[in-house]
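In what follows, a structure is listed as structure tokens, so that the remarks can point back to it.
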Amino acid sequence: MTTLYEGAFAKVNLTLDVLGKREDGYHDLKSVMQTLSIRDDIEIDVGTGKPWKLLCDKEGIPTDERNLAWKAARVYCDAMKKDPNGLEIRITKRIPSEAGMGGGSADAAAVLRALNRHFGEPLSVMALAELGAQVGSDVPFCVMCGTAMVEGRGERLRKLPDLPECFFVVVKPDFSCSTAELYKKLDETEIAKRPDHQAMESALLAGDLGKIAENIWNVFDPLVTAEHLEMNYIKSIFNSYGAVAFQMTGSGSAVYAIVPSFEYAAVICNMLRENYPQVFIGKPV
Ligand code: C5P
């Protein structure tokens, strides 16, 4: 029996624009996504001699076909004509759920990377990302990691320069948002402000953290902030203690700050821990 180890890294959306509704009911989006060092750990035993199984250390996470990590193992084994029996996947969960941080997608991507490595890298990263699109919209990006422009439903990826040195403080408030409802609400709303992707790309190319900060924008943020005023409280703490930008990620409800120094990140973290048990510090990776 062999055991594989793989990190499953969270993502945040530096920008997120929703372009329109597609015929399949989903929406086309355009987003600059960023991987953070905040991670789950994936361990996979291969060759247990038993039916395949998935375990997670956190209660409330499904351990059957509803789990994207499970779906990823099945999609990989189907594509490569392998038998999934004999796999035992164990997930150590740290990335908060229903946060907009792509936790389930990160686990799925880690399973794809680990299995592909085990079988001698038969698929390139891009081929693996394409396979990931069958598992979930954020999986292709989570396979690739880093900084990227993501389009379509999430299957079109273009690598962008890494972020300059900085820290992210991420807070997951207690409430959660329904992604489907937010998309529906957005369909019924005039989007007053959209991200300027050209400006964001130029800022990334220049490695200019100030300009990157100016161009952080998620079209879902005003919808959620209007309904959950505690978002303003969290943002006011970010603003008072040296954050250069702050924004909700994905369809929420986690909200992040970009902070130039670890010292300020630690201060923000301590301030928010009084009211929020789920506060994290991460770095772009
Ligand atoms: O990707 P996820 O399963 O979290 O999406 C939940 C719901 O959000 C979908 O069923 C769909 O209604 C909506 N959605 C969308 N366009 C996307 C992603 C999600 O309309 N690109």
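Letters A, B, ... mark the chains of the structure tokens in the order given; residue numbers begin at 1 per chain; ligand numbers begin at 1, in order shown.
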
Please, which residues in chain A fall within 10 Å of ligand 1 when counting only C-alpha atoms and all ligand atoms, and what is the closest atom pair and distance in Å to one decimal for each, ordered by chain then residue number, as JSON lines?
{"residue": "A:Val18", "atom": "CA", "partner": "ligand 1", "partner_atom_place_in_ligand_line": "21 (N)", "distance": 7.9}
{"residue": "A:Leu19", "atom": "CA", "partner": "ligand 1", "partner_atom_place_in_ligand_line": "21 (N)", "distance": 9.6}
{"residue": "A:Gly20", "atom": "CA", "partner": "ligand 1", "partner_atom_place_in_ligand_line": "16 (N)", "distance": 8.9}
{"residue": "A:Lys21", "atom": "CA", "partner": "ligand 1", "partner_atom_place_in_ligand_line": "20 (O)", "distance": 7.0}
{"residue": "A:Arg22", "atom": "CA", "partner": "ligand 1", "partner_atom_place_in_ligand_line": "20 (O)", "distance": 8.2}
{"residue": "A:Asp24", "atom": "CA", "partner": "ligand 1", "partner_atom_place_in_ligand_line": "20 (O)", "distance": 8.8}
{"residue": "A:Gly25", "atom": "CA", "partner": "ligand 1", "partner_atom_place_in_ligand_line": "20 (O)", "distance": 6.0}
{"residue": "A:Tyr26", "atom": "CA", "partner": "ligand 1", "partner_atom_place_in_ligand_line": "20 (O)", "distance": 3.5}
{"residue": "A:His27", "atom": "CA", "partner": "ligand 1", "partner_atom_place_in_ligand_line": "16 (N)", "distance": 3.7}
{"residue": "A:Asp28", "atom": "CA", "partner": "ligand 1", "partner_atom_place_in_ligand_line": "21 (N)", "distance": 5.5}
{"residue": "A:Leu29", "atom": "CA", "partner": "ligand 1", "partner_atom_place_in_ligand_line": "21 (N)", "distance": 6.1}
{"residue": "A:Lys30", "atom": "CA", "partner": "ligand 1", "partner_atom_place_in_ligand_line": "21 (N)", "distance": 9.4}
{"residue": "A:Glu98", "atom": "CA", "partner": "ligand 1", "partner_atom_place_in_ligand_line": "4 (O)", "distance": 8.9}
{"residue": "A:Gly100", "atom": "CA", "partner": "ligand 1", "partner_atom_place_in_ligand_line": "4 (O)", "distance": 8.7}
{"residue": "A:Gly102", "atom": "CA", "partner": "ligand 1", "partner_atom_place_in_ligand_line": "4 (O)", "distance": 8.9}
{"residue": "A:Gly104", "atom": "CA", "partner": "ligand 1", "partner_atom_place_in_ligand_line": "4 (O)", "distance": 9.6}
{"residue": "A:Ser105", "atom": "CA", "partner": "ligand 1", "partner_atom_place_in_ligand_line": "1 (O)", "distance": 9.4}
{"residue": "A:Val135", "atom": "CA", "partner": "ligand 1", "partner_atom_place_in_ligand_line": "1 (O)", "distance": 9.7}
{"residue": "A:Gly136", "atom": "CA", "partner": "ligand 1", "partner_atom_place_in_ligand_line": "1 (O)", "distance": 6.2}
{"residue": "A:Ser137", "atom": "CA", "partner": "ligand 1", "partner_atom_place_in_ligand_line": "1 (O)", "distance": 5.5}
{"residue": "A:Asp138", "atom": "CA", "partner": "ligand 1", "partner_atom_place_in_ligand_line": "1 (O)", "distance": 7.3}
{"residue": "A:Val139", "atom": "CA", "partner": "ligand 1", "partner_atom_place_in_ligand_line": "1 (O)", "distance": 9.7}
{"residue": "A:Glu151", "atom": "CA", "partner": "ligand 1", "partner_atom_place_in_ligand_line": "21 (N)", "distance": 9.2}
{"residue": "A:Gly152", "atom": "CA", "partner": "ligand 1", "partner_atom_place_in_ligand_line": "21 (N)", "distance": 7.4}
{"residue": "A:Arg153", "atom": "CA", "partner": "ligand 1", "partner_atom_place_in_ligand_line": "21 (N)", "distance": 4.4}
{"residue": "A:Gly154", "atom": "CA", "partner": "ligand 1", "partner_atom_place_in_ligand_line": "21 (N)", "distance": 7.0}
{"residue": "A:Glu155", "atom": "CA", "partner": "ligand 1", "partner_atom_place_in_ligand_line": "21 (N)", "distance": 9.9}
{"residue": "A:Ser178", "atom": "CA", "partner": "ligand 1", "partner_atom_place_in_ligand_line": "6 (C)", "distance": 7.6}
{"residue": "A:Thr179", "atom": "CA", "partner": "ligand 1", "partner_atom_place_in_ligand_line": "8 (O)", "distance": 4.6}
{"residue": "A:Ala180", "atom": "CA", "partner": "ligand 1", "partner_atom_place_in_ligand_line": "8 (O)", "distance": 3.7}
{"residue": "A:Glu181", "atom": "CA", "partner": "ligand 1", "partner_atom_place_in_ligand_line": "8 (O)", "distance": 7.3}
{"residue": "A:Leu182", "atom": "CA", "partner": "ligand 1", "partner_atom_place_in_ligand_line": "8 (O)", "distance": 7.7}
{"residue": "A:Tyr183", "atom": "CA", "partner": "ligand 1", "partner_atom_place_in_ligand_line": "20 (O)", "distance": 5.6}
{"residue": "A:Lys184", "atom": "CA", "partner": "ligand 1", "partner_atom_place_in_ligand_line": "20 (O)", "distance": 7.6}
{"residue": "A:Leu186", "atom": "CA", "partner": "ligand 1", "partner_atom_place_in_ligand_line": "20 (O)", "distance": 9.9}
{"residue": "A:Asp187", "atom": "CA", "partner": "ligand 1", "partner_atom_place_in_ligand_line": "20 (O)", "distance": 9.6}
{"residue": "A:Gly250", "atom": "CA", "partner": "ligand 1", "partner_atom_place_in_ligand_line": "4 (O)", "distance": 9.6}
{"residue": "A:Ser251", "atom": "CA", "partner": "ligand 1", "partner_atom_place_in_ligand_line": "4 (O)", "distance": 8.5}

If we count only C-alpha atoms, what is near Trp52 in chain A at a cut-off of 8 Å, once residues fewer than 4 positions away on the same chain are taken out, given as JSON, numbers by chain?
{"A": [84, 85, 86, 87, 88]}

What's the 12 Å shell around Gln198 in chain A, counting only C-alpha atoms, without same-chain residues fewer than 4 positions away, as a PyMOL selection string?
chain A and resi 15+30-32+149+194+202-205+211-212+215

Shell around range 222-238 of chain A at 10 Å using only C-alpha atoms, local window under 2 positions removed, as a ChimeraX atom specification:
/A:169,171,173,175-177,182,185-186,189,191-193,217-220,240-248,251-259,264-265,267-269,271-272,275-276

Proximity to Val12 in chain A - best of A:Ile91, A:Ile38, A:Ala109, A:Arg74, only C-alpha atoms
A:Ile38

Tell me, as an mmCIF file with N, CA, C and O atoms, in the first residue's frame, which residues lie within 12 Å of Gly60 in chain A, counting only C-alpha atoms; anything in the same chain fewer than 3 positions away does not count.
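See selection_38.cif below for the written result:
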data_model
loop_
_atom_site.group_PDB
_atom_site.id
_atom_site.type_symbol
_atom_site.label_atom_id
_atom_site.label_comp_id
_atom_site.auth_asym_id
_atom_site.auth_seq_id
_atom_site.Cartn_x
_atom_site.Cartn_y
_atom_site.Cartn_z
ATOM 1 N N LEU A 55 -12.920 9.884 4.053
ATOM 2 C CA LEU A 55 -13.095 10.278 5.447
ATOM 3 C C LEU A 55 -12.729 11.750 5.590
ATOM 4 O O LEU A 55 -11.822 12.231 4.901
ATOM 5 N N CYS A 56 -13.431 12.442 6.482
ATOM 6 C CA CYS A 56 -13.100 13.853 6.728
ATOM 7 C C CYS A 56 -13.141 14.081 8.227
ATOM 8 O O CYS A 56 -14.032 13.562 8.913
ATOM 9 N N ASP A 57 -12.161 14.831 8.745
ATOM 10 C CA ASP A 57 -12.084 15.029 10.202
ATOM 11 C C ASP A 57 -13.125 16.019 10.715
ATOM 12 O O ASP A 57 -13.306 16.156 11.912
ATOM 13 N N THR A 63 -19.348 12.596 3.024
ATOM 14 C CA THR A 63 -18.223 11.718 2.662
ATOM 15 C C THR A 63 -18.655 10.713 1.593
ATOM 16 O O THR A 63 -18.107 9.623 1.500
ATOM 17 N N ASP A 64 -19.661 11.126 0.813
ATOM 18 C CA ASP A 64 -20.119 10.260 -0.289
ATOM 19 C C ASP A 64 -19.971 11.016 -1.606
ATOM 20 O O ASP A 64 -19.184 11.958 -1.688
ATOM 21 N N ARG A 66 -21.473 13.289 -2.897
ATOM 22 C CA ARG A 66 -21.694 14.742 -2.874
ATOM 23 C C ARG A 66 -20.379 15.500 -2.653
ATOM 24 O O ARG A 66 -20.283 16.689 -2.913
ATOM 25 N N ASN A 67 -19.370 14.806 -2.131
ATOM 26 C CA ASN A 67 -18.076 15.454 -1.875
ATOM 27 C C ASN A 67 -17.282 15.559 -3.186
ATOM 28 O O ASN A 67 -17.109 14.570 -3.889
ATOM 29 N N LYS A 93 -9.605 19.093 7.289
ATOM 30 C CA LYS A 93 -10.263 20.315 6.809
ATOM 31 C C LYS A 93 -9.847 21.524 7.638
ATOM 32 O O LYS A 93 -9.938 21.501 8.868
ATOM 33 N N PRO A 96 -12.664 27.072 5.592
ATOM 34 C CA PRO A 96 -14.072 27.066 5.994
ATOM 35 C C PRO A 96 -15.008 26.761 4.825
ATOM 36 O O PRO A 96 -14.692 27.090 3.676
ATOM 37 N N SER A 97 -16.129 26.110 5.136
ATOM 38 C CA SER A 97 -17.125 25.782 4.106
ATOM 39 C C SER A 97 -18.070 26.956 3.898
ATOM 40 O O SER A 97 -18.211 27.816 4.783
ATOM 41 N N GLU A 98 -18.729 26.979 2.775
ATOM 42 C CA GLU A 98 -19.688 28.038 2.410
ATOM 43 C C GLU A 98 -19.062 29.410 2.614
ATOM 44 O O GLU A 98 -19.667 30.305 3.196
#

Which residues come within 12 Å of Ala79 in chain A, counting only C-alpha atoms, excluding same-chain residues fewer than 3 positions away, as a list of chain:residue names?
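In the requested format, the answer is A:Ala72, A:Ala73, A:Arg74, A:Val75, A:Tyr76, A:Lys82, A:Asp83, A:Pro84, A:Leu112, A:Leu115, A:Asn116, A:Pro122, A:Leu123, A:Ala127, A:Leu128, A:Glu130, A:Leu131, A:Gly132, A:Gln134.
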
Dump as a short mmCIF file (atom, residue, chain, number, x, y, z; two decimals), in the first residue's frame, selection limited to C-alpha atoms:
data_model
loop_
_atom_site.label_atom_id
_atom_site.label_comp_id
_atom_site.auth_asym_id
_atom_site.auth_seq_id
_atom_site.Cartn_x
_atom_site.Cartn_y
_atom_site.Cartn_z
CA ALA A 72 -12.69 13.93 -8.65
CA ALA A 73 -11.40 10.43 -7.85
CA ARG A 74 -14.22 8.93 -9.87
CA VAL A 75 -13.70 11.25 -12.85
CA TYR A 76 -9.92 10.59 -12.84
CA LYS A 82 -8.46 2.69 -13.34
CA ASP A 83 -10.42 0.94 -10.61
CA PRO A 84 -11.17 3.35 -7.71
CA LEU A 112 -6.55 14.92 -9.17
CA LEU A 115 -3.55 10.51 -8.42
CA ASN A 116 -1.94 11.89 -11.58
CA PRO A 122 0.07 10.88 -17.75
CA LEU A 123 -1.92 14.16 -17.92
CA ALA A 127 -5.36 18.38 -19.26
CA LEU A 128 -5.90 17.75 -15.55
CA GLU A 130 -9.84 20.29 -18.15
CA LEU A 131 -10.82 17.06 -16.39
CA GLY A 132 -11.46 19.14 -13.26
CA GLN A 134 -16.29 17.93 -15.00
#

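Nearest to Pro284 in chain A of all the residues A:Phe119, A:Tyr5, A:Phe168, A:Phe141 is A:Phe168, based on only C-alpha atoms.
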
Enter the distance from CA of Gly282 in chain A to CA of Ser124 in chain A, in Å, rounded to one decimal.
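Separating CA of Gly282 in chain A from CA of Ser124 in chain A is a distance of 27.7 Å.
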
Which residue, A:Met200, A:Ile61, A:Leu4, A:Ala266, has the smallest gap to Ile95 in chain A when you use only C-alpha atoms?
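Nearest to Ile95 in chain A: A:Ile61.
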